file protein19.cif (mmCIF, C-alpha atoms and all ligand atoms)
data_target
loop_
_atom_site.group_PDB
_atom_site.id
_atom_site.type_symbol
_atom_site.label_atom_id
_atom_site.label_comp_id
_atom_site.auth_asym_id
_atom_site.auth_seq_id
_atom_site.Cartn_x
_atom_site.Cartn_y
_atom_site.Cartn_z
ATOM 1 C CA MET A 11 9.152 -53.019 28.409
ATOM 2 C CA ASN A 12 6.157 -53.073 30.651
ATOM 3 C CA THR A 13 7.852 -50.713 33.030
ATOM 4 C CA ALA A 14 8.717 -48.363 30.223
ATOM 5 C CA THR A 15 5.165 -48.437 28.945
ATOM 6 C CA LYS A 16 3.824 -47.734 32.401
ATOM 7 C CA LEU A 17 6.290 -44.938 32.890
ATOM 8 C CA SER A 18 5.358 -43.205 29.706
ATOM 9 C CA GLY A 19 1.710 -43.673 30.587
ATOM 10 C CA PHE A 20 2.418 -42.088 33.920
ATOM 11 C CA ALA A 21 4.259 -39.244 32.271
ATOM 12 C CA LEU A 22 1.334 -38.607 29.954
ATOM 13 C CA GLY A 23 -0.994 -38.567 32.937
ATOM 14 C CA LEU A 24 1.217 -36.046 34.645
ATOM 15 C CA ALA A 25 1.213 -33.865 31.599
ATOM 16 C CA ALA A 26 -2.568 -33.934 31.499
ATOM 17 C CA VAL A 27 -2.746 -32.991 35.172
ATOM 18 C CA PHE A 28 -0.289 -30.177 34.713
ATOM 19 C CA GLY A 29 -2.380 -29.006 31.824
ATOM 20 C CA ALA A 30 -5.542 -29.060 33.873
ATOM 21 C CA ALA A 31 -3.937 -27.319 36.826
ATOM 22 C CA TYR A 32 -2.567 -24.654 34.539
ATOM 23 C CA GLY A 33 -6.002 -24.135 33.084
ATOM 24 C CA VAL A 34 -7.546 -23.707 36.515
ATOM 25 C CA GLY A 35 -4.867 -21.243 37.437
ATOM 26 C CA HIS A 36 -5.875 -19.186 34.483
ATOM 27 C CA LEU A 37 -9.538 -18.956 35.320
ATOM 28 C CA THR A 38 -8.839 -15.566 36.809
ATOM 29 C CA ASP A 39 -7.308 -14.421 33.545
ATOM 30 C CA PRO A 40 -9.326 -12.563 30.964
ATOM 31 C CA VAL A 41 -10.424 -15.761 29.321
ATOM 32 C CA THR A 42 -14.086 -16.504 29.105
ATOM 33 C CA PRO A 43 -15.598 -19.785 30.271
ATOM 34 C CA ALA A 44 -15.941 -20.688 26.614
ATOM 35 C CA ALA A 45 -12.179 -20.498 26.338
ATOM 36 C CA GLU A 46 -11.732 -22.859 29.251
ATOM 37 C CA SER A 47 -14.018 -25.427 27.737
ATOM 38 C CA ARG A 48 -11.847 -25.298 24.661
ATOM 39 C CA HIS A 49 -8.654 -25.549 26.555
ATOM 40 C CA ASP A 50 -7.950 -29.037 25.323
ATOM 41 C CA SER A 51 -6.860 -27.359 22.116
ATOM 42 C CA THR A 52 -4.812 -24.587 23.659
ATOM 43 C CA GLY A 53 -4.401 -24.901 27.409
ATOM 44 C CA THR A 54 -2.908 -28.365 27.395
ATOM 45 C CA ASP A 55 -0.228 -27.114 25.085
ATOM 46 C CA HIS A 56 0.912 -24.801 27.816
ATOM 47 C CA GLY A 57 0.814 -27.648 30.291
ATOM 48 C CA ALA A 58 2.737 -29.976 28.071
ATOM 49 C CA THR A 59 5.374 -27.352 27.529
ATOM 50 C CA ASP A 60 5.587 -26.562 31.211
ATOM 51 C CA ASP A 61 6.122 -30.115 32.287
ATOM 52 C CA GLY A 62 9.358 -30.246 30.396
ATOM 53 C CA HIS A 63 9.403 -34.052 30.093
ATOM 54 C CA GLY A 64 9.703 -34.916 26.462
ATOM 55 C CA GLY A 65 7.281 -33.907 23.780
ATOM 56 C CA ALA A 66 8.076 -30.283 24.491
ATOM 57 C CA ALA A 67 9.324 -29.673 20.962
ATOM 58 C CA ASP A 68 6.065 -31.004 19.570
ATOM 59 C CA ALA A 69 4.050 -28.937 21.960
ATOM 60 C CA ALA A 70 6.010 -25.831 21.070
ATOM 61 C CA THR A 71 4.819 -26.059 17.509
ATOM 62 C CA HIS A 72 1.220 -25.792 18.725
ATOM 63 C CA ILE A 73 1.388 -22.913 21.116
ATOM 64 C CA PRO A 74 0.936 -19.393 19.813
ATOM 65 C CA GLY A 75 3.979 -17.404 18.750
ATOM 66 C CA GLY A 76 5.826 -14.984 20.962
ATOM 67 C CA LEU A 77 5.304 -16.775 24.267
ATOM 68 C CA LEU A 78 8.718 -18.440 24.298
ATOM 69 C CA VAL A 79 12.113 -16.800 24.630
ATOM 70 C CA SER A 80 13.706 -19.946 23.242
ATOM 71 C CA ASP A 81 12.272 -22.364 20.701
ATOM 72 C CA ARG A 82 13.738 -25.056 18.441
ATOM 73 C CA GLY A 83 17.251 -24.191 19.547
ATOM 74 C CA TYR A 84 16.960 -20.461 18.859
ATOM 75 C CA THR A 85 17.063 -18.007 21.763
ATOM 76 C CA MET A 86 16.462 -14.264 21.898
ATOM 77 C CA GLN A 87 18.941 -12.393 24.085
ATOM 78 C CA PRO A 88 18.762 -8.640 24.703
ATOM 79 C CA VAL A 89 22.250 -7.149 24.932
ATOM 80 C CA ASP A 90 23.550 -3.910 26.420
ATOM 81 C CA ALA A 91 23.132 -0.974 24.100
ATOM 82 C CA PRO A 92 23.886 2.746 24.241
ATOM 83 C CA ALA A 93 21.126 4.982 25.595
ATOM 84 C CA GLY A 94 18.299 5.325 23.114
ATOM 85 C CA GLN A 95 19.164 2.101 21.331
ATOM 86 C CA PHE A 96 17.752 -1.408 21.623
ATOM 87 C CA ALA A 97 19.929 -4.391 20.755
ATOM 88 C CA PHE A 98 19.592 -8.150 20.860
ATOM 89 C CA ARG A 99 20.968 -11.335 19.414
ATOM 90 C CA ILE A 100 19.443 -14.577 18.314
ATOM 91 C CA SER A 101 21.597 -17.526 19.274
ATOM 92 C CA GLY A 102 21.253 -20.673 17.239
ATOM 93 C CA PRO A 103 21.292 -24.377 18.066
ATOM 94 C CA ASP A 104 25.106 -24.258 18.214
ATOM 95 C CA GLY A 105 24.988 -21.439 20.771
ATOM 96 C CA ALA A 106 26.549 -18.873 18.452
ATOM 97 C CA PRO A 107 24.730 -15.724 17.293
ATOM 98 C CA VAL A 108 22.788 -16.309 14.093
ATOM 99 C CA THR A 109 24.045 -14.129 11.241
ATOM 100 C CA ARG A 110 22.119 -15.545 8.289
ATOM 101 C CA TYR A 111 18.403 -14.882 7.906
ATOM 102 C CA ASP A 112 15.890 -15.222 5.115
ATOM 103 C CA VAL A 113 14.075 -12.134 3.923
ATOM 104 C CA ALA A 114 10.372 -12.275 4.767
ATOM 105 C CA HIS A 115 8.117 -9.366 3.857
ATOM 106 C CA ASP A 116 11.056 -7.291 2.673
ATOM 107 C CA LYS A 117 13.029 -7.651 5.904
ATOM 108 C CA ARG A 118 15.233 -10.172 7.653
ATOM 109 C CA MET A 119 14.014 -9.126 11.081
ATOM 110 C CA HIS A 120 10.740 -7.688 12.299
ATOM 111 C CA LEU A 121 10.842 -6.374 15.865
ATOM 112 C CA ILE A 122 7.497 -5.711 17.481
ATOM 113 C CA VAL A 123 7.146 -4.221 20.945
ATOM 114 C CA ALA A 124 4.192 -3.505 23.234
ATOM 115 C CA ARG A 125 3.792 -2.897 26.924
ATOM 116 C CA ARG A 126 2.227 -5.663 28.979
ATOM 117 C CA ASP A 127 -0.949 -3.541 29.138
ATOM 118 C CA LEU A 128 -0.994 -3.638 25.286
ATOM 119 C CA SER A 129 -0.114 0.039 24.918
ATOM 120 C CA GLY A 130 2.909 1.418 23.084
ATOM 121 C CA PHE A 131 2.834 -0.906 20.062
ATOM 122 C CA ARG A 132 5.669 -0.388 17.588
ATOM 123 C CA HIS A 133 6.899 -2.426 14.632
ATOM 124 C CA VAL A 134 10.466 -1.630 13.566
ATOM 125 C CA HIS A 135 13.310 -3.127 11.550
ATOM 126 C CA PRO A 136 16.717 -3.396 13.204
ATOM 127 C CA GLU A 137 20.052 -3.550 11.387
ATOM 128 C CA LEU A 138 22.320 -6.559 11.713
ATOM 129 C CA ASP A 139 25.970 -6.153 12.770
ATOM 130 C CA ALA A 140 28.607 -8.507 11.417
ATOM 131 C CA ASP A 141 28.783 -10.207 14.839
ATOM 132 C CA GLY A 142 25.091 -11.094 14.840
ATOM 133 C CA THR A 143 23.769 -8.196 16.952
ATOM 134 C CA TRP A 144 20.557 -6.516 15.838
ATOM 135 C CA ARG A 145 20.409 -2.794 16.654
ATOM 136 C CA VAL A 146 17.666 -0.216 16.302
ATOM 137 C CA GLU A 147 16.719 3.138 17.742
ATOM 138 C CA SER A 148 14.787 2.069 20.800
ATOM 139 C CA PRO A 149 11.084 1.620 20.102
ATOM 140 C CA LEU A 150 10.362 1.401 23.854
ATOM 141 C CA GLY A 151 8.322 4.548 24.347
ATOM 142 C CA GLY A 152 8.657 5.068 28.096
ATOM 143 C CA PRO A 153 8.530 3.293 31.445
ATOM 144 C CA GLY A 154 6.885 -0.047 31.834
ATOM 145 C CA LEU A 155 7.223 -3.747 31.387
ATOM 146 C CA TRP A 156 7.537 -4.357 27.664
ATOM 147 C CA ARG A 157 7.342 -7.467 25.550
ATOM 148 C CA ALA A 158 9.698 -7.504 22.575
ATOM 149 C CA PHE A 159 8.971 -9.960 19.752
ATOM 150 C CA ALA A 160 11.535 -11.005 17.158
ATOM 151 C CA ASP A 161 9.760 -12.305 14.052
ATOM 152 C CA PHE A 162 12.277 -13.915 11.682
ATOM 153 C CA THR A 163 13.331 -16.953 9.670
ATOM 154 C CA PRO A 164 16.849 -18.250 10.249
ATOM 155 C CA THR A 165 18.357 -19.435 6.972
ATOM 156 C CA GLY A 166 17.754 -23.149 6.784
ATOM 157 C CA GLY A 167 15.182 -23.020 9.588
ATOM 158 C CA GLN A 168 11.491 -22.383 10.066
ATOM 159 C CA PRO A 169 9.810 -19.028 10.765
ATOM 160 C CA LEU A 170 9.907 -18.181 14.454
ATOM 161 C CA THR A 171 8.596 -15.516 16.783
ATOM 162 C CA LEU A 172 10.495 -15.328 20.056
ATOM 163 C CA GLY A 173 9.536 -12.953 22.856
ATOM 164 C CA VAL A 174 11.338 -11.469 25.824
ATOM 165 C CA ASP A 175 10.311 -9.087 28.609
ATOM 166 C CA VAL A 176 12.197 -5.824 28.905
ATOM 167 C CA ALA A 177 11.695 -3.480 31.872
ATOM 168 C CA VAL A 178 12.057 0.257 31.432
ATOM 169 C CA PRO A 179 12.302 1.901 34.857
ATOM 170 C CA GLY A 180 10.122 4.823 35.799
ATOM 171 C CA ARG A 181 6.658 5.623 36.963
ATOM 172 C CA LEU A 182 4.011 3.650 35.133
ATOM 173 C CA ASP A 183 0.275 4.147 35.161
ATOM 174 C CA PRO A 184 -1.159 0.926 33.787
ATOM 175 C CA ARG A 185 -3.818 1.634 31.259
ATOM 176 C CA PRO A 186 -7.078 -0.273 31.037
ATOM 177 C CA LEU A 187 -7.621 -2.026 27.752
ATOM 178 C CA PRO A 188 -9.780 0.249 25.601
ATOM 179 C CA ALA A 189 -13.307 -1.059 25.112
ATOM 180 C CA PRO A 190 -14.091 -3.098 22.014
ATOM 181 C CA ALA A 191 -14.925 -0.895 19.051
ATOM 182 C CA ASN A 192 -15.486 -1.339 15.336
ATOM 183 C CA SER A 193 -13.997 1.984 14.374
ATOM 184 C CA THR A 194 -10.949 3.964 15.333
ATOM 185 C CA THR A 195 -9.053 7.006 14.165
ATOM 186 C CA VAL A 196 -5.337 7.500 13.621
ATOM 187 C CA ASP A 197 -3.449 10.418 12.058
ATOM 188 C CA GLY A 198 -6.680 11.741 10.516
ATOM 189 C CA TYR A 199 -7.732 8.384 9.067
ATOM 190 C CA THR A 200 -10.806 6.460 10.141
ATOM 191 C CA VAL A 201 -10.460 2.709 10.060
ATOM 192 C CA THR A 202 -13.438 0.408 10.495
ATOM 193 C CA LEU A 203 -13.364 -3.284 11.257
ATOM 194 C CA THR A 204 -15.863 -5.869 10.079
ATOM 195 C CA GLY A 205 -15.732 -9.471 11.165
ATOM 196 C CA THR A 206 -15.056 -11.019 14.540
ATOM 197 C CA PRO A 207 -12.273 -13.484 15.225
ATOM 198 C CA GLU A 208 -13.415 -16.939 16.253
ATOM 199 C CA PRO A 209 -11.198 -19.132 18.388
ATOM 200 C CA GLY A 210 -9.710 -22.121 16.614
ATOM 201 C CA ARG A 211 -10.936 -21.323 13.136
ATOM 202 C CA THR A 212 -10.191 -18.889 10.385
ATOM 203 C CA SER A 213 -12.200 -15.698 10.321
ATOM 204 C CA ARG A 214 -12.174 -12.945 7.761
ATOM 205 C CA LEU A 215 -11.402 -9.529 9.153
ATOM 206 C CA THR A 216 -11.815 -6.584 6.827
ATOM 207 C CA LEU A 217 -10.331 -3.221 7.658
ATOM 208 C CA THR A 218 -11.530 -0.243 5.661
ATOM 209 C CA VAL A 219 -9.626 3.032 5.545
ATOM 210 C CA SER A 220 -11.160 6.426 4.903
ATOM 211 C CA ARG A 221 -10.057 10.011 5.312
ATOM 212 C CA ASP A 222 -12.292 13.049 5.630
ATOM 213 C CA GLY A 223 -15.252 10.795 4.928
ATOM 214 C CA LYS A 224 -13.810 9.514 1.633
ATOM 215 C CA PRO A 225 -12.553 5.992 1.005
ATOM 216 C CA VAL A 226 -8.787 5.764 0.589
ATOM 217 C CA THR A 227 -8.151 3.952 -2.696
ATOM 218 C CA ASP A 228 -4.442 4.617 -3.101
ATOM 219 C CA LEU A 229 -2.922 2.779 -0.189
ATOM 220 C CA GLN A 230 0.803 2.253 -0.672
ATOM 221 C CA PRO A 231 2.456 -1.125 -0.371
ATOM 222 C CA TYR A 232 4.215 -1.567 2.949
ATOM 223 C CA LEU A 233 6.549 -4.538 3.289
ATOM 224 C CA GLY A 234 4.944 -6.180 0.285
ATOM 225 C CA ALA A 235 1.317 -5.805 1.342
ATOM 226 C CA TYR A 236 -1.396 -3.182 1.758
ATOM 227 C CA GLY A 237 -1.566 -3.927 5.437
ATOM 228 C CA HIS A 238 -0.012 -5.922 8.231
ATOM 229 C CA LEU A 239 -2.111 -7.079 11.135
ATOM 230 C CA VAL A 240 -0.681 -8.071 14.490
ATOM 231 C CA ALA A 241 -2.917 -9.409 17.252
ATOM 232 C CA LEU A 242 -1.816 -9.656 20.885
ATOM 233 C CA ARG A 243 -3.862 -11.607 23.426
ATOM 234 C CA GLN A 244 -4.692 -9.825 26.656
ATOM 235 C CA GLY A 245 -3.181 -11.622 29.615
ATOM 236 C CA ASP A 246 -0.123 -13.243 28.045
ATOM 237 C CA LEU A 247 0.537 -11.304 24.823
ATOM 238 C CA ALA A 248 0.372 -14.372 22.610
ATOM 239 C CA TYR A 249 1.390 -13.052 19.206
ATOM 240 C CA LEU A 250 -0.270 -13.441 15.847
ATOM 241 C CA HIS A 251 0.936 -11.768 12.637
ATOM 242 C CA VAL A 252 -1.337 -11.952 9.612
ATOM 243 C CA HIS A 253 -0.906 -10.780 6.057
ATOM 244 C CA PRO A 254 -3.806 -9.758 3.871
ATOM 245 C CA GLU A 255 -5.405 -11.562 0.981
ATOM 246 C CA GLY A 256 -3.867 -10.415 -2.294
ATOM 247 C CA THR A 257 -0.577 -8.789 -3.194
ATOM 248 C CA PRO A 258 -0.021 -5.267 -4.525
ATOM 249 C CA GLY A 259 0.405 -5.394 -8.295
ATOM 250 C CA ASP A 260 -1.203 -8.810 -8.753
ATOM 251 C CA GLY A 261 -3.878 -7.225 -10.941
ATOM 252 C CA ARG A 262 -6.796 -8.102 -8.689
ATOM 253 C CA THR A 263 -6.002 -6.560 -5.315
ATOM 254 C CA PRO A 264 -7.280 -2.999 -4.989
ATOM 255 C CA ALA A 265 -5.190 -0.435 -3.124
ATOM 256 C CA GLY A 266 -7.962 0.102 -0.599
ATOM 257 C CA PRO A 267 -10.161 1.142 0.894
ATOM 258 C CA ALA A 268 -10.629 -2.412 2.218
ATOM 259 C CA VAL A 269 -7.869 -4.789 3.269
ATOM 260 C CA THR A 270 -8.973 -8.297 4.195
ATOM 261 C CA PHE A 271 -7.171 -10.722 6.469
ATOM 262 C CA ALA A 272 -7.805 -14.365 7.286
ATOM 263 C CA ALA A 273 -6.978 -14.705 10.969
ATOM 264 C CA GLU A 274 -7.244 -17.496 13.479
ATOM 265 C CA VAL A 275 -6.933 -16.657 17.154
ATOM 266 C CA PRO A 276 -5.883 -19.406 19.562
ATOM 267 C CA SER A 277 -8.601 -18.937 22.196
ATOM 268 C CA ALA A 278 -11.609 -16.908 23.228
ATOM 269 C CA GLY A 279 -10.848 -13.702 25.050
ATOM 270 C CA ALA A 280 -9.786 -10.143 24.427
ATOM 271 C CA TYR A 281 -7.191 -9.186 21.836
ATOM 272 C CA ARG A 282 -5.679 -5.955 20.705
ATOM 273 C CA LEU A 283 -5.357 -5.668 16.923
ATOM 274 C CA TYR A 284 -2.771 -3.402 15.320
ATOM 275 C CA LEU A 285 -3.112 -2.608 11.624
ATOM 276 C CA ASP A 286 -0.055 -1.078 9.959
ATOM 277 C CA PHE A 287 -0.844 0.586 6.639
ATOM 278 C CA ARG A 288 1.002 3.066 4.470
ATOM 279 C CA HIS A 289 -0.459 6.166 2.878
ATOM 280 C CA GLY A 290 0.967 9.579 2.023
ATOM 281 C CA GLY A 291 4.465 8.193 2.453
ATOM 282 C CA ALA A 292 3.948 7.389 6.140
ATOM 283 C CA VAL A 293 3.076 4.265 8.063
ATOM 284 C CA HIS A 294 0.051 4.519 10.334
ATOM 285 C CA THR A 295 -1.102 2.100 13.015
ATOM 286 C CA ALA A 296 -4.800 1.666 13.747
ATOM 287 C CA GLU A 297 -5.654 -0.223 16.941
ATOM 288 C CA PHE A 298 -8.756 -2.127 17.955
ATOM 289 C CA THR A 299 -9.843 -4.194 20.914
ATOM 290 C CA VAL A 300 -11.819 -7.271 19.900
ATOM 291 C CA VAL A 301 -13.323 -10.090 21.921
ATOM 292 C CA ALA A 302 -13.083 -13.494 20.283
ATOM 293 C CA GLY A 303 -15.559 -16.215 20.963
ATOM 294 C CA THR A 304 -18.732 -16.072 22.986
ATOM 295 C CA PRO A 305 -19.152 -12.589 24.347
ATOM 296 C CA GLY A 306 -19.012 -12.884 28.075
ATOM 297 C CA PRO A 307 -17.815 -11.207 31.203
ATOM 298 C CA THR A 308 -14.154 -10.661 30.502
ATOM 299 C CA THR A 309 -12.488 -9.541 33.654
ATOM 300 C CA GLY A 310 -9.617 -7.142 33.203
ATOM 301 C CA ALA A 311 -6.200 -8.547 34.042
ATOM 302 C CA ALA A 312 -4.953 -5.287 35.433
ATOM 303 C CA PRO A 313 -6.640 -4.276 38.685
ATOM 304 C CA ALA A 314 -7.426 -0.903 37.183
ATOM 305 C CA ALA A 315 -9.042 -2.410 34.107
ATOM 306 C CA PRO A 316 -12.461 -3.818 34.876
ATOM 307 C CA THR A 317 -14.011 -2.220 31.830
ATOM 308 C CA VAL A 318 -13.605 -4.712 29.023
ATOM 309 C CA ALA A 319 -17.147 -5.120 27.862
ATOM 310 C CA PRO A 320 -18.573 -7.830 25.655
ATOM 311 C CA ALA A 321 -18.416 -7.020 21.984
ATOM 312 C CA ALA A 322 -21.663 -5.150 21.645
ATOM 313 C CA PRO A 323 -21.050 -2.468 19.100
ATOM 314 C CA THR A 324 -23.458 0.419 19.208
ATOM 315 C CA PRO A 325 -23.641 2.927 16.408
ATOM 316 C CA THR A 326 -23.045 5.801 18.771
ATOM 317 C CA GLY A 327 -20.529 4.093 20.956
ATOM 318 C CA ASP A 328 -17.522 4.390 18.739
ATOM 319 C CA ALA A 329 -16.626 8.008 19.090
ATOM 320 C CA GLY A 330 -14.755 7.817 22.340
ATOM 321 C CA HIS A 331 -12.964 4.555 21.779
ATOM 322 C CA GLY A 332 -10.424 5.136 19.102
ATOM 323 C CA ALA A 333 -8.199 7.872 20.367
ATOM 324 C CA PRO A 334 -7.412 6.515 23.834
ATOM 325 C CA GLY A 335 -6.245 3.315 22.249
ATOM 326 C CA HIS A 336 -3.295 4.954 20.655
ATOM 327 C CA GLY A 337 -0.207 3.729 22.302
ATOM 328 C CA HIS A 338 2.417 5.567 20.346
ATOM 329 C CA ASN A 339 4.810 7.476 22.537
HETATM 330 CU CU CU B 401 8.290 -5.787 9.987
#

call {"tool": "encode", "arguments": {"input": "protein19.cif", "output": "C-alpha cells", "more": "lines below"}}
Ligand SMILES: [Cu+2]
result
Amino acid sequence: MNTATKLSGFALGLAAVFGAAYGVGHLTDPVTPAAESRHDSTGTDHGATDDGHGGAADAATHIPGGLLVSDRGYTMQPVDAPAGQFAFRISGPDGAPVTRYDVAHDKRMHLIVARRDLSGFRHVHPELDADGTWRVESPLGGPGLWRAFADFTPTGGQPLTLGVDVAVPGRLDPRPLPAPANSTTVDGYTVTLTGTPEPGRTSRLTLTVSRDGKPVTDLQPYLGAYGHLVALRQGDLAYLHVHPEGTPGDGRTPAGPAVTFAAEVPSAGAYRLYLDFRHGGAVHTAEFTVVAGTPGPTTGAAPAAPTVAPAAPTPTGDAGHGAPGHGHN
C-alpha cells in the first residue's frame, strides 16, 4: 500500500516535471509570458498527455481540439486517394472504420484544413463510402505541410476533433502571419471584428458584414447558423470551432449585419480566426489575426515571420491587412 502510494506520488511528480519542461521548451513559441504564467491551466495538460502514464484520458478532455490524431479510441487515418481527391477513415475503439455518425450542424463530417503557417483554410464536407472511407475533392490548395481536422460525433460517442498532418510536395514559401486587424475584406464584403478573446474565459466576438458600405441584413443560413467561426492557434494549430448566439428562424436572431460568438481560447498568443458566412448563394471566408491576452512581444514561429505586432488597432492601419490574409488557393 505504502509503496503504491509512493509510486503514484512519484508518478504525479514526474508528470508535473514533464509539464514544466514542456512549458520551458515552448518559451520560444509565439506564446507571451502571460501565457506561460497561466500554463498550469493549459501547459500541464500537454505534459500530462505526453507522459503517457495513466490519467491521459482525463488530460485529453482538457487539451484543445485538433491536437491529437487519436483520442478516446478514435483515430484519424488518411488513406490513398486518386489525384485531386482527399480520403481518410476514422477507426473506432474496436479498430474497425466507423460508419455511423451523428449529424451536427447539418453534416456528419466537417473537414477543415489549413497549412501550418495558417494559410489555405478550407472547410468542406466529405462523402462517406459504405466501407467507412470519407472522400472529398481535395481541399489542399498547393504545396506545404497541412493540418487536416476531422470534426465529428461518432454515434454513441462524444464530439471529437482529430487532426493529422498531410504533406503536399512542392516549393513552399512560408507566409508570415498577417498582422492583427479589426477589419478585412473578402469577395467584395467588408467584415469588422469587435471584441478580443481572453485566455481561459468566454469572450464575445462580434463580426459585422457590409458590402459597398451598406450593412448586409440578409445573410443566409449556412449549416444551421448565420456564421461559423474557427480559430487556430499559431504555433500548434490548436482548433476551436464556435457557433454564434441565436439560430436562423428563431424569431429573435437577425440575418446580419452582426453575428456574435462566445469564444474561449485556451491560452494567450496569436490566433487566426476564420468566419464562414453565406450570402448571395455563396460561402465566403473572412480571416483575422487576433492576439489573445496581454498584448506583448509575440515572436513569429516561422523564421520569416517576425512581424506579429501587439493588438494595437489604428484607424488607418486596416487597409493593407485584409487581402494578404486570404489563404484560398
Ligand atoms: Cu462543416

call {"tool": "closest_residue", "arguments": {"input": "protein19.cif", "among": "A:Gly130, A:Gly237, A:Gly151, A:Gly259", "to": "ligand CU 401 (chain B)", "atoms": "only C-alpha atoms and all ligand atoms"}}
result
A:Gly237

call {"tool": "closest_atom_pairs", "arguments": {"input": "protein19.cif", "of": "chain A", "to": "ligand CU 401 (chain B)", "cutoff": "8 Å", "atoms": "all atoms listed in the file", "output": "tab-separated table"}}
result
residue	atom	partner	partner_atom	distance
A:His115	CA	B:CU401	CU	7.1
A:Asp116	CA	B:CU401	CU	8.0
A:Lys117	CA	B:CU401	CU	6.5
A:Met119	CA	B:CU401	CU	6.7
A:His120	CA	B:CU401	CU	3.9
A:Leu121	CA	B:CU401	CU	6.4
A:Ile122	CA	B:CU401	CU	7.5
A:His133	CA	B:CU401	CU	5.9
A:Val134	CA	B:CU401	CU	5.9
A:His135	CA	B:CU401	CU	5.9
A:Asp161	CA	B:CU401	CU	7.8
A:Leu233	CA	B:CU401	CU	7.0

call {"tool": "axis_aligned_box", "arguments": {"input": "protein19.cif", "around": "stretch 194-200 of chain A", "padding_each_side": "8 Å", "output": "lines of an AutoDock Vina configuration file"}}
result
center_x = -7.2
center_y = 7.9
center_z = 12.2
size_x = 23.5
size_y = 23.8
size_z = 22.3

call {"tool": "resolve_selection", "arguments": {"input": "protein19.cif", "expression": "the PyMOL selection byres (((chain A and resi 154) around 7) and not hetatm)", "output": "VMD selection string"}}
result
chain A and resid 125 152 to 153 155 to 156 177 to 179 182

call {"tool": "closest_residue", "arguments": {"input": "protein19.cif", "among": "A:Ala91, A:Ala280, A:Ala272, A:Val79", "to": "A:Leu217", "atoms": "only C-alpha atoms"}}
result
A:Ala272

call {"tool": "resolve_selection", "arguments": {"input": "protein19.cif", "expression": "the PyMOL selection byres (((chain A and resi 293) around 12) and not hetatm)", "output": "ChimeraX atom specification"}}
result
/A:132-134,196-197,199,229-233,236-238,285-292,294-296

call {"tool": "atom_distance", "arguments": {"input": "protein19.cif", "atom1": "atom CA of A:Ser129", "atom2": "atom CA of A:Leu239"}}
result
15.6 Å

call {"tool": "residues_near_point", "arguments": {"input": "protein19.cif", "point": "(8.0, -14.9, 11.9)", "cutoff": "8 Å", "atoms": "only C-alpha atoms", "output": "VMD selection string"}}
result
chain A and resid 114 120 160 to 163 169 to 171 251

call {"tool": "closest_atom_pairs", "arguments": {"input": "protein19.cif", "of": "stretch 176-196 of chain A", "to": "stretch 202-211 of chain A", "cutoff": "9 Å", "atoms": "all atoms listed in the file", "output": "CSV"}}
result
residue,atom,partner,partner_atom,distance
A:Ala191,CA,A:Leu203,CA,8.3
A:Asn192,CA,A:Leu203,CA,5.0
A:Ser193,CA,A:Thr202,CA,4.2
A:Thr194,CA,A:Thr202,CA,6.5
A:Thr195,CA,A:Thr202,CA,8.7

call {"tool": "resolve_selection", "arguments": {"input": "protein19.cif", "expression": "the PyMOL selection byres (((chain A and resi 277) around 6) and not hetatm)", "output": "ChimeraX atom specification"}}
result
/A:45,209,275-276,278

call {"tool": "write_last_selection", "arguments": {"input": "protein19.cif", "atoms": "C-alpha atoms", "output": "mmCIF file, in the frame of the given file"}}
result
data_model
loop_
_atom_site.group_PDB
_atom_site.id
_atom_site.type_symbol
_atom_site.label_atom_id
_atom_site.label_comp_id
_atom_site.auth_asym_id
_atom_site.auth_seq_id
_atom_site.Cartn_x
_atom_site.Cartn_y
_atom_site.Cartn_z
ATOM 1 C CA ALA A 45 -12.179 -20.498 26.338
ATOM 2 C CA PRO A 209 -11.198 -19.132 18.388
ATOM 3 C CA VAL A 275 -6.933 -16.657 17.154
ATOM 4 C CA PRO A 276 -5.883 -19.406 19.562
ATOM 5 C CA ALA A 278 -11.609 -16.908 23.228
#

call {"tool": "closest_residue", "arguments": {"input": "protein19.cif", "among": "A:Asp127, A:Asp81, A:Asp183, A:Asp222", "to": "A:Gly198", "atoms": "only C-alpha atoms"}}
result
A:Asp222

call {"tool": "atom_distance", "arguments": {"input": "protein19.cif", "atom1": "atom CA of A:Glu255", "atom2": "atom CA of A:Leu242"}}
result
20.3 Å

call {"tool": "residues_around", "arguments": {"input": "protein19.cif", "residues": "A:Pro225", "least_positions_apart": "6", "cutoff": "10 Å", "atoms": "all atoms listed in the file", "output": "PyMOL selection string"}}
result
chain A and resi 199-201+218-219+266-268

call {"tool": "write_last_selection", "arguments": {"input": "protein19.cif", "atoms": "C-alpha atoms", "output": "CSV table (one decimal), keeping the file's coordinate frame"}}
result
chain,number,residue,atom,x,y,z
A,199,TYR,CA,-7.7,8.4,9.1
A,200,THR,CA,-10.8,6.5,10.1
A,201,VAL,CA,-10.5,2.7,10.1
A,218,THR,CA,-11.5,-0.2,5.7
A,219,VAL,CA,-9.6,3.0,5.5
A,266,GLY,CA,-8.0,0.1,-0.6
A,267,PRO,CA,-10.2,1.1,0.9
A,268,ALA,CA,-10.6,-2.4,2.2
